[in-house]
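This is work_32.pdb (PDB, C-alpha atoms and all ligand atoms).
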MODEL        1
ATOM      1  CA  MET A   8      45.551  87.287 100.845
ATOM      2  CA  LEU A   9      45.059  87.115 104.629
ATOM      3  CA  ASN A  10      48.145  85.701 106.312
ATOM      4  CA  ILE A  11      47.223  83.611 109.362
ATOM      5  CA  ALA A  12      49.224  82.329 112.337
ATOM      6  CA  VAL A  13      47.452  79.602 114.319
ATOM      7  CA  CYS A  14      48.299  78.817 117.964
ATOM      8  CA  VAL A  15      47.514  75.325 119.251
ATOM      9  CA  SER A  16      48.117  73.202 122.357
ATOM     10  CA  GLY A  17      46.434  69.860 121.713
ATOM     11  CA  GLY A  18      44.666  67.677 119.191
ATOM     12  CA  GLY A  19      44.171  70.383 116.605
ATOM     13  CA  THR A  20      40.735  69.487 115.258
ATOM     14  CA  ASN A  21      39.956  73.203 114.913
ATOM     15  CA  LEU A  22      43.225  73.704 113.041
ATOM     16  CA  GLN A  23      42.177  70.809 110.781
ATOM     17  CA  ALA A  24      38.811  72.485 110.196
ATOM     18  CA  ILE A  25      40.646  75.622 109.016
ATOM     19  CA  ILE A  26      43.045  73.643 106.791
ATOM     20  CA  ASP A  27      40.114  71.742 105.227
ATOM     21  CA  ALA A  28      38.061  74.910 104.714
ATOM     22  CA  ILE A  29      40.956  76.653 102.928
ATOM     23  CA  ARG A  30      41.509  73.559 100.810
ATOM     24  CA  ASP A  31      37.881  73.201  99.718
ATOM     25  CA  GLY A  32      37.254  76.932  99.230
ATOM     26  CA  ARG A  33      34.972  77.650 102.198
ATOM     27  CA  ILE A  34      37.693  80.077 103.317
ATOM     28  CA  LYS A  35      38.790  82.263 100.413
ATOM     29  CA  ASN A  36      41.756  84.656 100.197
ATOM     30  CA  ALA A  37      43.577  83.262 103.224
ATOM     31  CA  LYS A  38      46.547  81.057 103.943
ATOM     32  CA  ILE A  39      48.120  79.656 107.098
ATOM     33  CA  ALA A  40      51.674  80.971 107.278
ATOM     34  CA  GLY A  41      52.595  79.046 110.399
ATOM     35  CA  VAL A  42      51.418  77.073 113.423
ATOM     36  CA  PHE A  43      52.801  77.722 116.899
ATOM     37  CA  SER A  44      52.528  75.390 119.875
ATOM     38  CA  ASN A  45      53.620  75.478 123.506
ATOM     39  CA  ASN A  46      53.503  71.671 123.431
ATOM     40  CA  ARG A  47      55.969  69.705 121.321
ATOM     41  CA  ASN A  48      53.754  66.615 121.473
ATOM     42  CA  ALA A  49      50.579  68.325 120.289
ATOM     43  CA  TYR A  50      48.982  66.231 117.541
ATOM     44  CA  ALA A  51      48.045  69.563 115.965
ATOM     45  CA  LEU A  52      51.708  69.879 114.887
ATOM     46  CA  THR A  53      51.457  66.623 112.934
ATOM     47  CA  ARG A  54      48.325  67.929 111.225
ATOM     48  CA  ALA A  55      50.187  71.119 110.264
ATOM     49  CA  LYS A  56      53.206  69.238 108.932
ATOM     50  CA  GLU A  57      50.987  66.907 106.907
ATOM     51  CA  ALA A  58      49.442  69.995 105.319
ATOM     52  CA  GLY A  59      52.892  71.389 104.522
ATOM     53  CA  ILE A  60      52.626  74.250 107.030
ATOM     54  CA  GLU A  61      55.640  75.540 108.935
ATOM     55  CA  THR A  62      55.551  74.888 112.696
ATOM     56  CA  LYS A  63      57.396  76.464 115.624
ATOM     57  CA  THR A  64      57.304  75.447 119.276
ATOM     58  CA  ALA A  65      58.370  76.983 122.556
ATOM     59  CA  CYS A  66      57.614  75.283 125.827
ATOM     60  CA  PRO A  67      57.409  77.544 128.923
ATOM     61  CA  LYS A  68      59.171  74.924 131.099
ATOM     62  CA  GLU A  69      62.247  75.065 128.875
ATOM     63  CA  PHE A  70      62.854  78.774 129.517
ATOM     64  CA  SER A  71      64.513  80.332 132.552
ATOM     65  CA  SER A  72      61.702  82.880 132.936
ATOM     66  CA  ARG A  73      58.225  83.695 131.652
ATOM     67  CA  GLU A  74      59.728  86.737 129.885
ATOM     68  CA  GLU A  75      62.148  84.547 127.935
ATOM     69  CA  PHE A  76      59.283  82.279 126.869
ATOM     70  CA  HIS A  77      57.209  85.294 125.830
ATOM     71  CA  LYS A  78      60.134  86.573 123.749
ATOM     72  CA  ALA A  79      60.420  83.274 121.869
ATOM     73  CA  PHE A  80      56.638  83.103 121.426
ATOM     74  CA  LEU A  81      56.494  86.637 120.003
ATOM     75  CA  GLU A  82      59.463  86.035 117.725
ATOM     76  CA  ALA A  83      57.761  82.965 116.275
ATOM     77  CA  ILE A  84      54.495  84.811 115.611
ATOM     78  CA  ASP A  85      56.237  87.923 114.209
ATOM     79  CA  SER A  86      58.311  85.764 111.856
ATOM     80  CA  TRP A  87      55.136  84.948 109.915
ATOM     81  CA  LYS A  88      53.996  88.603 109.691
ATOM     82  CA  PRO A  89      50.399  87.553 110.270
ATOM     83  CA  ASP A  90      47.348  89.706 109.520
ATOM     84  CA  LEU A  91      45.375  87.466 111.885
ATOM     85  CA  VAL A  92      46.335  85.302 114.865
ATOM     86  CA  VAL A  93      43.912  82.442 115.522
ATOM     87  CA  LEU A  94      43.840  80.718 118.907
ATOM     88  CA  ALA A  95      42.547  77.231 118.114
ATOM     89  CA  GLY A  96      42.629  75.328 121.390
ATOM     90  CA  PHE A  97      45.560  77.345 122.737
ATOM     91  CA  LEU A  98      45.862  77.019 126.495
ATOM     92  CA  VAL A  99      48.501  79.647 127.288
ATOM     93  CA  ILE A 100      47.742  83.147 128.587
ATOM     94  CA  LEU A 101      48.958  85.574 125.920
ATOM     95  CA  PRO A 102      51.770  88.041 126.649
ATOM     96  CA  GLU A 103      50.412  91.596 126.935
ATOM     97  CA  GLU A 104      52.841  92.720 124.262
ATOM     98  CA  LEU A 105      51.355  90.273 121.753
ATOM     99  CA  ILE A 106      47.822  91.447 122.571
ATOM    100  CA  ARG A 107      48.887  95.074 122.045
ATOM    101  CA  ARG A 108      50.859  94.403 118.868
ATOM    102  CA  TYR A 109      48.018  92.442 117.257
ATOM    103  CA  GLU A 110      45.122  94.393 118.734
ATOM    104  CA  GLY A 111      41.865  93.616 116.910
ATOM    105  CA  ARG A 112      43.648  90.893 114.934
ATOM    106  CA  ILE A 113      43.504  87.966 117.391
ATOM    107  CA  ILE A 114      40.500  85.636 117.574
ATOM    108  CA  ASN A 115      39.738  82.682 119.847
ATOM    109  CA  ILE A 116      37.324  79.771 119.783
ATOM    110  CA  HIS A 117      35.750  78.905 123.147
ATOM    111  CA  PRO A 118      33.574  75.816 123.708
ATOM    112  CA  SER A 119      30.598  77.470 125.455
ATOM    113  CA  LEU A 120      28.121  80.272 124.955
ATOM    114  CA  ILE A 121      30.075  83.149 126.535
ATOM    115  CA  PRO A 122      29.462  84.540 129.181
ATOM    116  CA  SER A 123      28.581  81.059 130.494
ATOM    117  CA  PHE A 124      31.378  78.692 131.467
ATOM    118  CA  CYS A 125      34.277  80.938 130.525
ATOM    119  CA  GLY A 126      37.123  82.839 132.156
ATOM    120  CA  THR A 127      40.012  81.543 134.236
ATOM    121  CA  GLY A 128      40.053  77.768 134.628
ATOM    122  CA  PHE A 129      37.450  77.098 131.935
ATOM    123  CA  TYR A 130      39.139  75.332 129.049
ATOM    124  CA  GLY A 131      38.786  72.124 127.070
ATOM    125  CA  LEU A 132      36.881  69.306 128.730
ATOM    126  CA  LYS A 133      36.457  71.276 131.974
ATOM    127  CA  VAL A 134      33.968  73.553 130.230
ATOM    128  CA  HIS A 135      31.740  70.604 129.327
ATOM    129  CA  GLU A 136      32.108  68.982 132.762
ATOM    130  CA  GLU A 137      30.853  72.185 134.328
ATOM    131  CA  ALA A 138      27.989  72.574 131.834
ATOM    132  CA  LEU A 139      26.816  69.037 132.667
ATOM    133  CA  ARG A 140      27.265  69.598 136.411
ATOM    134  CA  ARG A 141      25.138  72.754 136.199
ATOM    135  CA  GLY A 142      22.522  70.897 134.174
ATOM    136  CA  VAL A 143      22.153  73.336 131.263
ATOM    137  CA  LYS A 144      20.020  72.062 128.381
ATOM    138  CA  VAL A 145      21.752  74.159 125.747
ATOM    139  CA  THR A 146      25.433  74.973 125.369
ATOM    140  CA  GLY A 147      27.506  75.839 122.289
ATOM    141  CA  ALA A 148      30.594  77.673 121.112
ATOM    142  CA  THR A 149      31.759  81.259 120.681
ATOM    143  CA  VAL A 150      34.297  82.937 118.413
ATOM    144  CA  HIS A 151      35.501  86.237 119.827
ATOM    145  CA  PHE A 152      38.227  88.842 119.516
ATOM    146  CA  VAL A 153      40.908  88.601 122.176
ATOM    147  CA  ASP A 154      41.584  91.465 124.581
ATOM    148  CA  GLU A 155      43.543  91.625 127.870
ATOM    149  CA  GLY A 156      40.876  89.671 129.769
ATOM    150  CA  THR A 157      40.130  85.939 129.639
ATOM    151  CA  ASP A 158      37.258  85.327 127.187
ATOM    152  CA  THR A 159      36.115  88.976 127.517
ATOM    153  CA  GLY A 160      36.694  90.293 123.986
ATOM    154  CA  ARG A 161      33.994  91.292 121.504
ATOM    155  CA  ILE A 162      31.873  88.354 120.375
ATOM    156  CA  ILE A 163      31.980  87.574 116.644
ATOM    157  CA  ALA A 164      29.695  84.535 116.400
ATOM    158  CA  GLN A 165      27.940  81.961 118.550
ATOM    159  CA  LYS A 166      26.121  78.714 117.858
ATOM    160  CA  ALA A 167      23.907  76.802 120.270
ATOM    161  CA  VAL A 168      24.139  73.029 120.713
ATOM    162  CA  GLU A 169      21.703  70.804 122.605
ATOM    163  CA  VAL A 170      22.760  68.878 125.696
ATOM    164  CA  LEU A 171      21.191  65.412 125.527
ATOM    165  CA  PRO A 172      20.314  62.887 128.242
ATOM    166  CA  GLY A 173      23.239  60.540 128.886
ATOM    167  CA  ASP A 174      25.878  62.996 127.669
ATOM    168  CA  THR A 175      29.367  62.586 129.094
ATOM    169  CA  PRO A 176      31.833  65.508 128.898
ATOM    170  CA  GLU A 177      33.551  63.727 125.992
ATOM    171  CA  ILE A 178      30.320  63.145 124.052
ATOM    172  CA  LEU A 179      29.200  66.723 124.613
ATOM    173  CA  GLN A 180      32.622  68.092 123.634
ATOM    174  CA  ARG A 181      32.492  66.162 120.353
ATOM    175  CA  ARG A 182      28.962  67.421 119.556
ATOM    176  CA  VAL A 183      29.941  71.027 120.306
ATOM    177  CA  MET A 184      32.971  70.678 118.039
ATOM    178  CA  GLU A 185      31.067  69.048 115.165
ATOM    179  CA  GLU A 186      27.967  71.244 115.274
ATOM    180  CA  ALA A 187      29.501  74.557 116.324
ATOM    181  CA  GLU A 188      33.295  74.996 116.530
ATOM    182  CA  TRP A 189      34.302  73.485 113.188
ATOM    183  CA  VAL A 190      31.604  75.577 111.476
ATOM    184  CA  LEU A 191      32.010  78.902 113.302
ATOM    185  CA  LEU A 192      35.779  79.277 113.230
ATOM    186  CA  PRO A 193      36.300  78.784 109.457
ATOM    187  CA  ARG A 194      33.308  81.044 108.777
ATOM    188  CA  ALA A 195      34.708  83.833 110.983
ATOM    189  CA  ILE A 196      38.087  83.596 109.235
ATOM    190  CA  ASP A 197      36.397  83.734 105.821
ATOM    191  CA  ASP A 198      34.438  86.815 106.954
ATOM    192  CA  ILE A 199      37.639  88.542 108.089
ATOM    193  CA  ALA A 200      39.573  87.542 104.950
ATOM    194  CA  ASN A 201      36.833  88.905 102.720
ATOM    195  CA  GLY A 202      36.107  92.172 104.471
ATOM    196  CA  ARG A 203      32.760  91.242 106.034
ATOM    197  CA  LEU A 204      34.039  91.708 109.584
TER     198      LEU A 204
HETATM  199  C1  LIG B   1      38.351  73.102 121.627
HETATM  200  O1  LIG B   1      37.151  72.588 122.139
HETATM  201  C2  LIG B   1      38.454  74.599 121.904
HETATM  202  O2  LIG B   1      37.230  75.251 121.808
HETATM  203  C3  LIG B   1      38.953  74.590 123.322
HETATM  204  O3  LIG B   1      39.917  73.556 123.359
HETATM  205  C4  LIG B   1      39.541  72.545 122.400
HETATM  206  C5  LIG B   1      40.726  72.270 121.501
HETATM  207  O4  LIG B   1      40.466  71.201 120.622
HETATM  208  N1  LIG B   1      39.489  75.863 123.701
HETATM  209  C6  LIG B   1      39.391  76.365 124.932
HETATM  210  O5  LIG B   1      38.861  75.773 125.849
HETATM  211  C7  LIG B   1      39.981  77.755 125.099
HETATM  212  N2  LIG B   1      39.543  78.346 126.330
HETATM  213  P1  LIG B   1      41.310  71.007 119.303
HETATM  214  O6  LIG B   1      42.790  71.037 119.705
HETATM  215  O7  LIG B   1      40.912  69.647 118.811
HETATM  216  O8  LIG B   1      40.966  72.114 118.336
ENDMDL
END

Go through the file and emit its structure as structure tokens.
Ligand code: GAR
Amino acid sequence: MLNIAVCVSGGGTNLQAIIDAIRDGRIKNAKIAGVFSNNRNAYALTRAKEAGIETKTACPKEFSSREEFHKAFLEAIDSWKPDLVVLAGFLVILPEELIRRYEGRIINIHPSLIPSFCGTGFYGLKVHEEALRRGVKVTGATVHFVDEGTDTGRIIAQKAVEVLPGDTPEILQRRVMEEAEWVLLPRAIDDIANGRL
């Protein structure tokens, strides 16, 4: 049984996609041991609680230094002894120690076709704003392993999504989530849990 820790910062629709996929058997041999957030008000935490999953939070502002925050963050993740750490809309740069400790066992979902619209400053709605500003006709999502860089780790899976006339960043974000993110992330976890990756 693959033990998963999920890190979230916001609405948690990707977390929900994982919860639903475990529940209906699209992800086999895996369970979410805990959900961590840097944001106490993240709706993702409500989703976790409703699914009966333990949650832990640590907010960088509430610590006297970045090191202290990192310590609390690592303690929370370690407490679940995860085989896999999933970043599902997590907007905090990971401590180097966490990346080292869980090397090859951290994955992230990013809302573009990497290497487009990724790296520092590209997260959430900003990614879609930039895709529309640049006028691309196709965008998508990427699941990748996490290394020391920002969005530079080995790519696991990608799915293309059409940009349509009249799209706003919000409309495009929703289409990318529905057609790509909520499909790719559960599938990647199922592949890891069942030895295909
Ligand atoms: C998702 O679109 C995810 O791909 C993105 O944040 C959103 C979180 O939504 N992640 C990044 O931009 C990471 N660089 P959610 O909280 O509803 O899953």

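Using all atoms listed in the file for every distance, the candidate list A:Gly173, A:Pro67, A:Pro102, A:Pro122 yields A:Gly173 as the residue closest to Lys144 in chain A.
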
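Closest approach to ligand LIG 1 (chain B) among A:Glu155, A:Ser16, A:Asp27, A:Glu110 is made by A:Ser16 (distances from all atoms listed in the file).
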
Go through chain A residue by residue and, counting all atoms listed in the file, keep those with an atom at most 7 Å from ligand LIG 1 (chain B); for each kept residue give the shortest atom pair and its distance in Å to one decimal, ordered by chain and increasing number, as JSON lines.
{"residue": "A:Val15", "atom": "CA", "partner": "B:LIG1", "partner_atom": "O6", "distance": 6.4}
{"residue": "A:Ser16", "atom": "CA", "partner": "B:LIG1", "partner_atom": "O6", "distance": 6.3}
{"residue": "A:Gly17", "atom": "CA", "partner": "B:LIG1", "partner_atom": "O6", "distance": 4.3}
{"residue": "A:Gly18", "atom": "CA", "partner": "B:LIG1", "partner_atom": "O6", "distance": 3.9}
{"residue": "A:Gly19", "atom": "CA", "partner": "B:LIG1", "partner_atom": "O6", "distance": 3.5}
{"residue": "A:Thr20", "atom": "CA", "partner": "B:LIG1", "partner_atom": "O7", "distance": 3.6}
{"residue": "A:Asn21", "atom": "CA", "partner": "B:LIG1", "partner_atom": "O8", "distance": 3.7}
{"residue": "A:Leu22", "atom": "CA", "partner": "B:LIG1", "partner_atom": "O8", "distance": 6.0}
{"residue": "A:Ala51", "atom": "CA", "partner": "B:LIG1", "partner_atom": "O6", "distance": 6.6}
{"residue": "A:Ala95", "atom": "CA", "partner": "B:LIG1", "partner_atom": "O8", "distance": 5.4}
{"residue": "A:Gly96", "atom": "CA", "partner": "B:LIG1", "partner_atom": "C5", "distance": 3.6}
{"residue": "A:Phe97", "atom": "CA", "partner": "B:LIG1", "partner_atom": "C7", "distance": 6.1}
{"residue": "A:Leu98", "atom": "CA", "partner": "B:LIG1", "partner_atom": "C7", "distance": 6.1}
{"residue": "A:Ile116", "atom": "CA", "partner": "B:LIG1", "partner_atom": "O2", "distance": 5.0}
{"residue": "A:His117", "atom": "CA", "partner": "B:LIG1", "partner_atom": "O2", "distance": 4.2}
{"residue": "A:Pro118", "atom": "CA", "partner": "B:LIG1", "partner_atom": "O2", "distance": 4.2}
{"residue": "A:Phe129", "atom": "CA", "partner": "B:LIG1", "partner_atom": "N2", "distance": 6.1}
{"residue": "A:Tyr130", "atom": "CA", "partner": "B:LIG1", "partner_atom": "O5", "distance": 3.2}
{"residue": "A:Gly131", "atom": "CA", "partner": "B:LIG1", "partner_atom": "O5", "distance": 3.8}
{"residue": "A:Val134", "atom": "CA", "partner": "B:LIG1", "partner_atom": "O5", "distance": 6.9}
{"residue": "A:Gln180", "atom": "CA", "partner": "B:LIG1", "partner_atom": "O1", "distance": 6.6}
{"residue": "A:Met184", "atom": "CA", "partner": "B:LIG1", "partner_atom": "O1", "distance": 6.2}
{"residue": "A:Glu188", "atom": "CA", "partner": "B:LIG1", "partner_atom": "O2", "distance": 6.6}

Using all atoms listed in the file, which protein or nucleic acid residues come within 8 Å of Ile39 in chain A? Drop anything in the same chain fewer than 6 positions from it, and give the result as a PyMOL selection string. chain A and resi 10-13+26+60

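The coordinates place CA of Leu101 in chain A at 21.5 Å from CA of Leu120 in chain A.
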